[in-house]
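Report on the structure given below.
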Amino acid sequence: MRLRVAAAGALAVATLGLGACGDSEEPTETITVFAAASLTEAFGELAAAFEEEHPRITVRLSFAGSATLRTQILEGAPAAVFASASPDEVATLDAAGLVIEELALATNTLVVATGADGIEAFEDLALPGLRLVLAAEDVPAGRYARKSLALAGDDFAGRVLANVRSNEANVRATLAKVELGEADAAIVYASDFRAADEGVRAIAIPERFQVAAAYRIALLSESAGARAFLAFATSPEGMATLARHGFTAVGVTP
């Protein structure tokens, strides 16, 4: 795997090359971008802006839990770019020789989502009988949530985990349980709360118990379109898009 930050000159060459392609009669290129479910709105906006700048490139988006997407890629799914909510999934693909390049993308924080008449504080997650939903342990959001609980102490974590009613395949499915009234609370990303239904409230997790989610984006194809999308996602415009959707953009520093 090669880690690098694209230099301005290289980006200029890529842009010129794509522009020339856009003026020719070359057929439209379609690239498939796999992205963590928590990136749904951000990458939807980002892909639309990218296609406006590169009219001969079509972006096909596929959203799911990062662990699910990792497995699909390992099984041969033709993803050109993979945006993961955790470095672990990218590392697994790298070990399998599938990653050409990877870059830091953004960070995210955790909040407790609850209904209008739900709990009032992080400590309430340990109340007996609370219906709590988490993302599954092999999903980044689920791993981060459990790390956060562990920081609050083994006794607290044990009482909270005893309240878990279901482990969901991705963070959006976790949030949906609260939106539908099927759970009293869930631990989700702060960015997901911004897209939550009206009536869902966010309860802050104390800073000392916070676990930052580290998003990375990986190039899995040498196609010009895939490289252009990677450059666009990590450009100032891409970073601004992520920030609008509640992420902390970190630029392209590996």
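Please note that chains go A, B, ... in the order of the structure tokens, that every chain numbers its residues from 1, and that ligands are numbered from 1 in the order shown.
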
**Message:** I need the helix (DSSP H, G or I) residues of range 79-172 of chain A per DSSP on the backbone, written as a ChimeraX atom specification.
**Reply:** /A:87-95,122-126,140-151,154-161,171-172

**Request:** Skip Leu220 in chain A itself and residues of its chain fewer than 5 positions away, then list as a PyMOL selection string all residues within 7 Å of it, counting only C-alpha atoms.
**Result:** chain A and resi 79-81+98-100

**Request:** Might you pull out every residue within 8 Å of Ala64 in chain A, with only C-alpha atoms counted and same-chain residues fewer than 5 positions away left off, and present them as a PyMOL selection string?
**Result:** chain A and resi 34-37+69+170

**Prompt:** Looking only at the backbone, which of the residues in range 30-224 of chain A does DSSP tag as strand (DSSP E or B), as a ChimeraX atom specification?
**Reply:** /A:30-36,57-64,81-84,101-108,110-114,132-135,164-168,185-189,201-204,213-219

Would you output that residue set with C-alpha atoms, as an mmCIF file, in the first residue's frame?
```cif
data_model
loop_
_atom_site.group_PDB
_atom_site.id
_atom_site.type_symbol
_atom_site.label_atom_id
_atom_site.label_comp_id
_atom_site.auth_asym_id
_atom_site.auth_seq_id
_atom_site.Cartn_x
_atom_site.Cartn_y
_atom_site.Cartn_z
ATOM 1 C CA THR A 30 -19.112 4.558 -13.738
ATOM 2 C CA ILE A 31 -17.364 4.135 -10.401
ATOM 3 C CA THR A 32 -18.781 2.311 -7.404
ATOM 4 C CA VAL A 33 -18.167 3.931 -4.034
ATOM 5 C CA PHE A 34 -18.799 1.899 -0.885
ATOM 6 C CA ALA A 35 -19.354 4.102 2.168
ATOM 7 C CA ALA A 36 -20.297 3.654 5.808
ATOM 8 C CA ILE A 57 -18.244 10.083 -14.604
ATOM 9 C CA THR A 58 -21.184 8.499 -12.801
ATOM 10 C CA VAL A 59 -20.895 7.644 -9.110
ATOM 11 C CA ARG A 60 -22.786 4.596 -7.888
ATOM 12 C CA LEU A 61 -23.073 4.736 -4.085
ATOM 13 C CA SER A 62 -23.542 1.741 -1.824
ATOM 14 C CA PHE A 63 -24.111 2.320 1.909
ATOM 15 C CA ALA A 64 -24.006 -0.241 4.714
ATOM 16 C CA VAL A 81 -13.415 3.552 -3.431
ATOM 17 C CA PHE A 82 -14.198 2.579 0.163
ATOM 18 C CA ALA A 83 -14.983 5.106 2.901
ATOM 19 C CA SER A 84 -14.935 3.369 6.270
ATOM 20 C CA GLU A 101 -3.846 4.194 -1.334
ATOM 21 C CA GLU A 102 -5.636 5.388 1.806
ATOM 22 C CA LEU A 103 -6.139 8.746 3.451
ATOM 23 C CA ALA A 104 -7.615 10.120 6.643
ATOM 24 C CA LEU A 105 -11.086 11.507 5.928
ATOM 25 C CA ALA A 106 -12.862 12.717 9.060
ATOM 26 C CA THR A 107 -13.636 12.064 12.693
ATOM 27 C CA ASN A 108 -16.953 11.706 14.470
ATOM 28 C CA LEU A 110 -20.806 9.666 19.906
ATOM 29 C CA VAL A 111 -24.093 10.782 21.420
ATOM 30 C CA VAL A 112 -27.003 9.028 23.083
ATOM 31 C CA ALA A 113 -30.190 9.265 21.025
ATOM 32 C CA THR A 114 -33.447 9.120 22.941
ATOM 33 C CA LEU A 132 -31.083 0.081 24.715
ATOM 34 C CA VAL A 133 -29.987 -0.621 21.163
ATOM 35 C CA LEU A 134 -26.393 -0.649 19.919
ATOM 36 C CA ALA A 135 -24.738 -1.407 16.636
ATOM 37 C CA VAL A 164 -29.182 -4.090 25.241
ATOM 38 C CA ARG A 165 -32.239 -5.411 23.414
ATOM 39 C CA SER A 166 -30.735 -5.751 19.946
ATOM 40 C CA ASN A 167 -27.474 -5.355 18.060
ATOM 41 C CA GLU A 168 -28.009 -3.759 14.675
ATOM 42 C CA ALA A 185 -32.075 4.909 23.760
ATOM 43 C CA ALA A 186 -29.230 4.160 21.363
ATOM 44 C CA ILE A 187 -25.619 5.216 21.062
ATOM 45 C CA VAL A 188 -24.982 6.693 17.624
ATOM 46 C CA TYR A 189 -22.684 9.153 15.885
ATOM 47 C CA ARG A 201 -33.122 14.163 21.312
ATOM 48 C CA ALA A 202 -29.362 13.913 21.733
ATOM 49 C CA ILE A 203 -27.749 13.466 25.132
ATOM 50 C CA ALA A 204 -24.073 14.308 25.313
ATOM 51 C CA ALA A 213 -14.446 7.578 15.382
ATOM 52 C CA ALA A 214 -11.706 7.782 12.742
ATOM 53 C CA TYR A 215 -12.929 7.619 9.147
ATOM 54 C CA ARG A 216 -10.588 6.649 6.330
ATOM 55 C CA ILE A 217 -11.050 6.539 2.586
ATOM 56 C CA ALA A 218 -9.280 3.940 0.442
ATOM 57 C CA LEU A 219 -8.603 3.762 -3.280
#
```

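For the set A:His54, A:Arg131, A:Arg244, A:Lys147, the residue with the smallest atom-to-atom gap to Gly115 in chain A is A:Arg131, counting only C-alpha atoms.
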
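Interatomic distance, CA of Val211 in chain A to CA of Tyr144 in chain A: 6.1 Å.
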
**Item:** Surrounding residues of Gly129 in chain A excluding itself and chain neighbours under 4 positions, 12 Å, only C-alpha atoms, as a PyMOL selection string
**Value:** chain A and resi 124-125+159-165+183-185

Next, write the just-selected residues to a file, as a JSON list (two decimals), in the first residue's frame, keeping all heavy atoms as the atom set.
```json
[["chain", "number", "residue", "atom", "x", "y", "z"],
["A", 124, "ASP", "N", -28.19, 7.46, 32.88],
["A", 124, "ASP", "CA", -29.48, 6.76, 32.86],
["A", 124, "ASP", "C", -29.45, 5.51, 31.99],
["A", 124, "ASP", "O", -30.39, 4.70, 32.04],
["A", 124, "ASP", "CB", -30.58, 7.71, 32.35],
["A", 124, "ASP", "CG", -30.86, 8.83, 33.33],
["A", 124, "ASP", "OD1", -30.49, 8.70, 34.51],
["A", 124, "ASP", "OD2", -31.46, 9.83, 32.91],
["A", 125, "LEU", "N", -28.41, 5.35, 31.20],
["A", 125, "LEU", "CA", -28.30, 4.14, 30.38],
["A", 125, "LEU", "C", -28.26, 2.87, 31.23],
["A", 125, "LEU", "O", -28.56, 1.78, 30.75],
["A", 125, "LEU", "CB", -27.05, 4.20, 29.50],
["A", 125, "LEU", "CG", -27.06, 5.22, 28.36],
["A", 125, "LEU", "CD1", -25.70, 5.24, 27.67],
["A", 125, "LEU", "CD2", -28.16, 4.91, 27.36],
["A", 159, "ARG", "N", -23.86, -3.02, 33.62],
["A", 159, "ARG", "CA", -25.28, -2.73, 33.82],
["A", 159, "ARG", "C", -25.92, -2.17, 32.54],
["A", 159, "ARG", "O", -27.08, -2.49, 32.23],
["A", 159, "ARG", "CB", -25.46, -1.75, 34.98],
["A", 159, "ARG", "CG", -25.21, -2.39, 36.34],
["A", 159, "ARG", "CD", -25.50, -1.44, 37.49],
["A", 159, "ARG", "NE", -24.48, -0.40, 37.58],
["A", 159, "ARG", "CZ", -24.75, 0.91, 37.69],
["A", 159, "ARG", "NH1", -26.01, 1.32, 37.67],
["A", 159, "ARG", "NH2", -23.78, 1.79, 37.80],
["A", 160, "VAL", "N", -25.17, -1.36, 31.81],
["A", 160, "VAL", "CA", -25.70, -0.82, 30.56],
["A", 160, "VAL", "C", -25.86, -1.93, 29.52],
["A", 160, "VAL", "O", -26.91, -2.04, 28.87],
["A", 160, "VAL", "CB", -24.78, 0.29, 30.02],
["A", 160, "VAL", "CG1", -25.25, 0.73, 28.62],
["A", 160, "VAL", "CG2", -24.76, 1.48, 30.96],
["A", 161, "LEU", "N", -24.86, -2.75, 29.35],
["A", 161, "LEU", "CA", -24.92, -3.82, 28.35],
["A", 161, "LEU", "C", -26.01, -4.83, 28.66],
["A", 161, "LEU", "O", -26.55, -5.48, 27.75],
["A", 161, "LEU", "CB", -23.56, -4.50, 28.23],
["A", 161, "LEU", "CG", -22.45, -3.63, 27.64],
["A", 161, "LEU", "CD1", -21.11, -4.36, 27.69],
["A", 161, "LEU", "CD2", -22.79, -3.21, 26.22],
["A", 162, "ALA", "N", -26.37, -4.95, 29.93],
["A", 162, "ALA", "CA", -27.48, -5.84, 30.30],
["A", 162, "ALA", "C", -28.80, -5.31, 29.76],
["A", 162, "ALA", "O", -29.79, -6.07, 29.66],
["A", 162, "ALA", "CB", -27.54, -5.99, 31.81],
["A", 163, "ASN", "N", -28.85, -4.03, 29.42],
["A", 163, "ASN", "CA", -30.07, -3.42, 28.89],
["A", 163, "ASN", "C", -30.18, -3.52, 27.37],
["A", 163, "ASN", "O", -31.19, -3.10, 26.80],
["A", 163, "ASN", "CB", -30.13, -1.94, 29.28],
["A", 163, "ASN", "CG", -30.49, -1.73, 30.74],
["A", 163, "ASN", "OD1", -31.17, -2.57, 31.34],
["A", 163, "ASN", "ND2", -30.04, -0.61, 31.32],
["A", 164, "VAL", "N", -29.16, -4.03, 26.71],
["A", 164, "VAL", "CA", -29.18, -4.09, 25.24],
["A", 164, "VAL", "C", -30.25, -5.08, 24.77],
["A", 164, "VAL", "O", -30.24, -6.25, 25.14],
["A", 164, "VAL", "CB", -27.80, -4.49, 24.69],
["A", 164, "VAL", "CG1", -27.87, -4.68, 23.17],
["A", 164, "VAL", "CG2", -26.77, -3.42, 25.03],
["A", 165, "ARG", "N", -31.16, -4.58, 23.94],
["A", 165, "ARG", "CA", -32.24, -5.41, 23.41],
["A", 165, "ARG", "C", -31.95, -5.96, 22.02],
["A", 165, "ARG", "O", -32.50, -6.97, 21.62],
["A", 165, "ARG", "CB", -33.55, -4.61, 23.40],
["A", 165, "ARG", "CG", -34.02, -4.17, 24.78],
["A", 165, "ARG", "CD", -34.40, -5.40, 25.63],
["A", 165, "ARG", "NE", -34.89, -5.00, 26.95],
["A", 165, "ARG", "CZ", -34.14, -4.92, 28.04],
["A", 165, "ARG", "NH1", -32.83, -5.21, 27.96],
["A", 165, "ARG", "NH2", -34.64, -4.57, 29.19],
["A", 183, "ALA", "N", -37.06, 1.42, 20.92],
["A", 183, "ALA", "CA", -35.98, 1.47, 21.92],
["A", 183, "ALA", "C", -36.07, 2.79, 22.66],
["A", 183, "ALA", "O", -36.53, 3.80, 22.12],
["A", 183, "ALA", "CB", -34.62, 1.33, 21.24],
["A", 184, "ASP", "N", -35.64, 2.77, 23.90],
["A", 184, "ASP", "CA", -35.62, 3.99, 24.71],
["A", 184, "ASP", "C", -34.39, 4.83, 24.43],
["A", 184, "ASP", "O", -34.41, 6.05, 24.61],
["A", 184, "ASP", "CB", -35.64, 3.63, 26.20],
["A", 184, "ASP", "CG", -36.88, 2.84, 26.59],
["A", 184, "ASP", "OD1", -37.98, 3.22, 26.16],
["A", 184, "ASP", "OD2", -36.73, 1.83, 27.31],
["A", 185, "ALA", "N", -33.32, 4.19, 24.00],
["A", 185, "ALA", "CA", -32.08, 4.91, 23.76],
["A", 185, "ALA", "C", -31.17, 4.10, 22.84],
["A", 185, "ALA", "O", -31.33, 2.88, 22.71],
["A", 185, "ALA", "CB", -31.35, 5.20, 25.08]]
```

Using only C-alpha atoms, which residues sit within 10 Å of Phe232 in chain A once same-chain residues fewer than 6 positions away are excluded, as a PDB file with N, CA, C and O atoms, in the first residue's frame?
```pdb
ATOM      1  N   LEU A  11      -2.777  16.739  -8.772  1.00  0.00           N
ATOM      2  CA  LEU A  11      -4.213  16.947  -8.874  1.00  0.00           C
ATOM      3  C   LEU A  11      -4.546  17.734 -10.133  1.00  0.00           C
ATOM      4  O   LEU A  11      -5.550  17.476 -10.795  1.00  0.00           O
ATOM      5  N   LEU A  46     -21.872  14.934  -1.784  1.00  0.00           N
ATOM      6  CA  LEU A  46     -20.537  14.980  -2.364  1.00  0.00           C
ATOM      7  C   LEU A  46     -20.530  14.377  -3.766  1.00  0.00           C
ATOM      8  O   LEU A  46     -19.929  14.925  -4.697  1.00  0.00           O
ATOM      9  N   ALA A  47     -21.221  13.233  -3.933  1.00  0.00           N
ATOM     10  CA  ALA A  47     -21.259  12.565  -5.239  1.00  0.00           C
ATOM     11  C   ALA A  47     -21.959  13.441  -6.276  1.00  0.00           C
ATOM     12  O   ALA A  47     -21.533  13.510  -7.437  1.00  0.00           O
ATOM     13  N   ALA A  49     -22.123  16.725  -6.334  1.00  0.00           N
ATOM     14  CA  ALA A  49     -21.226  17.824  -6.698  1.00  0.00           C
ATOM     15  C   ALA A  49     -20.099  17.328  -7.593  1.00  0.00           C
ATOM     16  O   ALA A  49     -19.696  18.008  -8.544  1.00  0.00           O
ATOM     17  N   PHE A  50     -19.593  16.143  -7.303  1.00  0.00           N
ATOM     18  CA  PHE A  50     -18.527  15.563  -8.128  1.00  0.00           C
ATOM     19  C   PHE A  50     -19.014  15.340  -9.556  1.00  0.00           C
ATOM     20  O   PHE A  50     -18.300  15.656 -10.523  1.00  0.00           O
ATOM     21  N   GLU A  53     -19.041  18.414 -11.675  1.00  0.00           N
ATOM     22  CA  GLU A  53     -17.712  18.808 -12.154  1.00  0.00           C
ATOM     23  C   GLU A  53     -17.155  17.832 -13.184  1.00  0.00           C
ATOM     24  O   GLU A  53     -16.319  18.199 -14.011  1.00  0.00           O
ATOM     25  N   ALA A 226     -11.902   6.909 -10.251  1.00  0.00           N
ATOM     26  CA  ALA A 226     -11.749   6.597  -8.827  1.00  0.00           C
ATOM     27  C   ALA A 226     -10.752   7.545  -8.175  1.00  0.00           C
ATOM     28  O   ALA A 226     -10.975   8.042  -7.071  1.00  0.00           O
ATOM     29  N   GLY A 238     -14.752  18.929  -0.487  1.00  0.00           N
ATOM     30  CA  GLY A 238     -15.189  17.707   0.161  1.00  0.00           C
ATOM     31  C   GLY A 238     -15.189  17.827   1.669  1.00  0.00           C
ATOM     32  O   GLY A 238     -16.117  17.377   2.356  1.00  0.00           O
ATOM     33  N   MET A 239     -14.150  18.452   2.214  1.00  0.00           N
ATOM     34  CA  MET A 239     -14.069  18.647   3.656  1.00  0.00           C
ATOM     35  C   MET A 239     -15.220  19.525   4.160  1.00  0.00           C
ATOM     36  O   MET A 239     -15.806  19.278   5.213  1.00  0.00           O
TER      37      MET A 239
END
```

Any idea what's packed within 10 Å of Leu242 in chain A, counting only C-alpha atoms, ignoring anything in its chain fewer than 2 positions away? Could you give it as a CSV table (one decimal) with all heavy atoms, in the first residue's frame?
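Ended up saving to out03.csv:
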```csv
chain,number,residue,atom,x,y,z
A,39,LEU,N,-22.3,7.9,6.5
A,39,LEU,CA,-21.9,8.9,5.5
A,39,LEU,C,-23.0,9.2,4.4
A,39,LEU,O,-22.8,9.9,3.4
A,39,LEU,CB,-20.7,8.5,4.8
A,39,LEU,CG,-19.4,8.5,5.6
A,39,LEU,CD1,-18.3,7.7,4.9
A,39,LEU,CD2,-18.9,9.9,5.9
A,41,GLU,N,-25.9,10.9,3.9
A,41,GLU,CA,-26.2,12.3,3.4
A,41,GLU,C,-25.0,13.0,2.9
A,41,GLU,O,-25.0,13.7,1.8
A,41,GLU,CB,-26.9,13.1,4.5
A,41,GLU,CG,-28.3,12.7,4.8
A,41,GLU,CD,-28.4,11.4,5.7
A,41,GLU,OE1,-27.3,11.1,6.3
A,41,GLU,OE2,-29.4,10.8,5.8
A,42,ALA,N,-23.9,12.9,3.6
A,42,ALA,CA,-22.7,13.6,3.2
A,42,ALA,C,-22.2,13.2,1.8
A,42,ALA,O,-21.8,14.0,1.0
A,42,ALA,CB,-21.6,13.5,4.3
A,43,PHE,N,-22.1,11.8,1.6
A,43,PHE,CA,-21.6,11.3,0.4
A,43,PHE,C,-22.6,11.5,-0.8
A,43,PHE,O,-22.2,11.5,-1.9
A,43,PHE,CB,-21.1,9.9,0.5
A,43,PHE,CG,-19.7,9.8,0.8
A,43,PHE,CD1,-19.0,10.6,1.7
A,43,PHE,CD2,-18.9,8.9,0.0
A,43,PHE,CE1,-17.7,10.5,2.0
A,43,PHE,CE2,-17.5,8.8,0.3
A,43,PHE,CZ,-16.9,9.6,1.2
A,45,GLU,N,-24.5,14.2,-1.2
A,45,GLU,CA,-24.2,15.5,-1.6
A,45,GLU,C,-22.9,15.6,-2.3
A,45,GLU,O,-22.7,16.3,-3.4
A,45,GLU,CB,-24.2,16.5,-0.4
A,45,GLU,CG,-24.0,17.9,-0.8
A,45,GLU,CD,-23.9,18.9,0.4
A,45,GLU,OE1,-24.5,18.5,1.4
A,45,GLU,OE2,-23.3,19.9,0.3
A,46,LEU,N,-21.9,14.9,-1.8
A,46,LEU,CA,-20.5,15.0,-2.4
A,46,LEU,C,-20.5,14.4,-3.8
A,46,LEU,O,-19.9,14.9,-4.7
A,46,LEU,CB,-19.6,14.2,-1.4
A,46,LEU,CG,-18.1,14.4,-1.7
A,46,LEU,CD1,-17.3,14.3,-0.4
A,46,LEU,CD2,-17.6,13.4,-2.7
A,105,LEU,N,-9.9,10.8,6.5
A,105,LEU,CA,-11.1,11.5,5.9
A,105,LEU,C,-11.8,12.4,6.9
A,105,LEU,O,-12.0,13.6,6.7
A,105,LEU,CB,-12.1,10.5,5.4
A,105,LEU,CG,-13.3,11.1,4.7
A,105,LEU,CD1,-12.9,11.8,3.4
A,105,LEU,CD2,-14.4,10.0,4.4
A,106,ALA,N,-12.1,11.9,8.1
A,106,ALA,CA,-12.9,12.7,9.1
A,106,ALA,C,-12.9,12.0,10.4
A,106,ALA,O,-12.5,10.8,10.5
A,106,ALA,CB,-14.3,13.0,8.6
A,107,THR,N,-13.4,12.7,11.4
A,107,THR,CA,-13.6,12.1,12.7
A,107,THR,C,-15.1,12.4,13.1
A,107,THR,O,-15.7,13.3,12.5
A,107,THR,CB,-12.7,12.6,13.8
A,107,THR,OG1,-12.9,14.0,14.0
A,107,THR,CG2,-11.2,12.2,13.5
A,191,SER,N,-23.1,12.9,14.0
A,191,SER,CA,-23.6,13.2,12.6
A,191,SER,C,-24.9,12.6,12.3
A,191,SER,O,-25.7,13.1,11.6
A,191,SER,CB,-22.5,12.8,11.6
A,191,SER,OG,-22.3,11.4,11.6
A,233,ALA,N,-13.1,14.1,-2.7
A,233,ALA,CA,-13.6,13.8,-1.3
A,233,ALA,C,-12.7,14.4,-0.3
A,233,ALA,O,-13.1,14.9,0.8
A,233,ALA,CB,-13.7,12.3,-1.1
A,234,THR,N,-11.4,14.5,-0.6
A,234,THR,CA,-10.4,15.0,0.4
A,234,THR,C,-10.0,16.5,0.1
A,234,THR,O,-9.1,17.0,0.7
A,234,THR,CB,-9.2,14.1,0.5
A,234,THR,OG1,-8.6,13.9,-0.9
A,234,THR,CG2,-9.6,12.8,1.0
A,236,PRO,N,-10.8,20.7,-0.3
A,236,PRO,CA,-11.5,21.6,0.6
A,236,PRO,C,-13.0,21.6,0.4
A,236,PRO,O,-13.7,21.7,1.4
A,236,PRO,CB,-10.9,23.0,0.2
A,236,PRO,CG,-9.5,22.7,-0.3
A,236,PRO,CD,-9.6,21.4,-1.0
A,237,GLU,N,-13.5,21.4,-0.8
A,237,GLU,CA,-14.9,21.3,-1.0
A,237,GLU,C,-15.5,20.0,-0.4
A,237,GLU,O,-16.5,20.1,0.3
A,237,GLU,CB,-15.2,21.3,-2.5
A,237,GLU,CG,-16.7,21.2,-2.8
A,237,GLU,CD,-17.1,21.4,-4.3
A,237,GLU,OE1,-16.2,21.7,-5.1
A,237,GLU,OE2,-18.3,21.2,-4.6
A,238,GLY,N,-14.8,18.9,-0.5
A,238,GLY,CA,-15.2,17.7,0.2
A,238,GLY,C,-15.2,17.8,1.7
A,238,GLY,O,-16.1,17.4,2.4
A,239,MET,N,-14.2,18.5,2.2
A,239,MET,CA,-14.1,18.6,3.7
A,239,MET,C,-15.2,19.5,4.2
A,239,MET,O,-15.8,19.3,5.2
A,239,MET,CB,-12.7,19.3,4.0
A,239,MET,CG,-11.5,18.4,3.8
A,239,MET,SD,-11.4,16.9,4.8
A,239,MET,CE,-12.0,15.7,3.6
A,240,ALA,N,-15.6,20.6,3.4
A,240,ALA,CA,-16.7,21.4,3.8
A,240,ALA,C,-18.0,20.7,3.8
A,240,ALA,O,-18.9,20.9,4.6
A,240,ALA,CB,-16.7,22.6,2.8
A,244,ARG,N,-20.5,20.1,7.0
A,244,ARG,CA,-21.9,20.5,7.0
A,244,ARG,C,-22.8,19.4,7.6
A,244,ARG,O,-23.9,19.7,8.1
A,244,ARG,CB,-22.4,20.9,5.6
A,244,ARG,CG,-22.0,22.3,5.1
A,244,ARG,CD,-22.8,22.7,3.9
A,244,ARG,NE,-22.5,21.9,2.8
A,244,ARG,CZ,-21.5,22.0,1.9
A,244,ARG,NH1,-20.6,23.0,2.1
A,244,ARG,NH2,-21.4,21.2,0.8
A,245,HIS,N,-22.3,18.2,7.5
A,245,HIS,CA,-23.1,17.1,7.9
A,245,HIS,C,-22.7,16.5,9.3
A,245,HIS,O,-23.0,15.4,9.7
A,245,HIS,CB,-23.1,16.0,6.9
A,245,HIS,CG,-23.8,16.3,5.6
A,245,HIS,ND1,-25.2,16.1,5.5
A,245,HIS,CD2,-23.4,16.9,4.5
A,245,HIS,CE1,-25.6,16.5,4.3
A,245,HIS,NE2,-24.5,17.0,3.7
A,246,GLY,N,-21.9,17.3,10.0
A,246,GLY,CA,-21.6,17.0,11.4
A,246,GLY,C,-20.3,16.3,11.6
A,246,GLY,O,-20.0,15.9,12.8
A,247,PHE,N,-19.5,16.1,10.6
A,247,PHE,CA,-18.2,15.5,10.8
A,247,PHE,C,-17.1,16.5,11.0
A,247,PHE,O,-17.3,17.7,10.7
A,247,PHE,CB,-17.8,14.6,9.5
A,247,PHE,CG,-18.8,13.5,9.2
A,247,PHE,CD1,-19.9,13.7,8.5
A,247,PHE,CD2,-18.5,12.2,9.7
A,247,PHE,CE1,-20.8,12.7,8.2
A,247,PHE,CE2,-19.4,11.2,9.4
A,247,PHE,CZ,-20.5,11.4,8.7
A,248,THR,N,-16.0,16.1,11.7
A,248,THR,CA,-14.9,16.9,11.8
A,248,THR,C,-13.9,16.5,10.7
A,248,THR,O,-13.3,15.4,10.8
A,248,THR,CB,-14.2,16.8,13.2
A,248,THR,OG1,-15.2,17.2,14.2
A,248,THR,CG2,-13.0,17.7,13.2
A,249,ALA,N,-13.8,17.3,9.7
A,249,ALA,CA,-12.9,17.0,8.5
A,249,ALA,C,-11.5,17.1,9.0
A,249,ALA,O,-11.1,18.0,9.7
A,249,ALA,CB,-13.2,17.9,7.3
A,250,VAL,N,-10.7,16.2,8.5
A,250,VAL,CA,-9.3,16.2,8.9
A,250,VAL,C,-8.3,16.3,7.8
A,250,VAL,O,-7.1,16.2,7.9
A,250,VAL,CB,-8.9,14.9,9.7
A,250,VAL,CG1,-9.7,14.8,11.0
A,250,VAL,CG2,-9.1,13.6,8.8
```
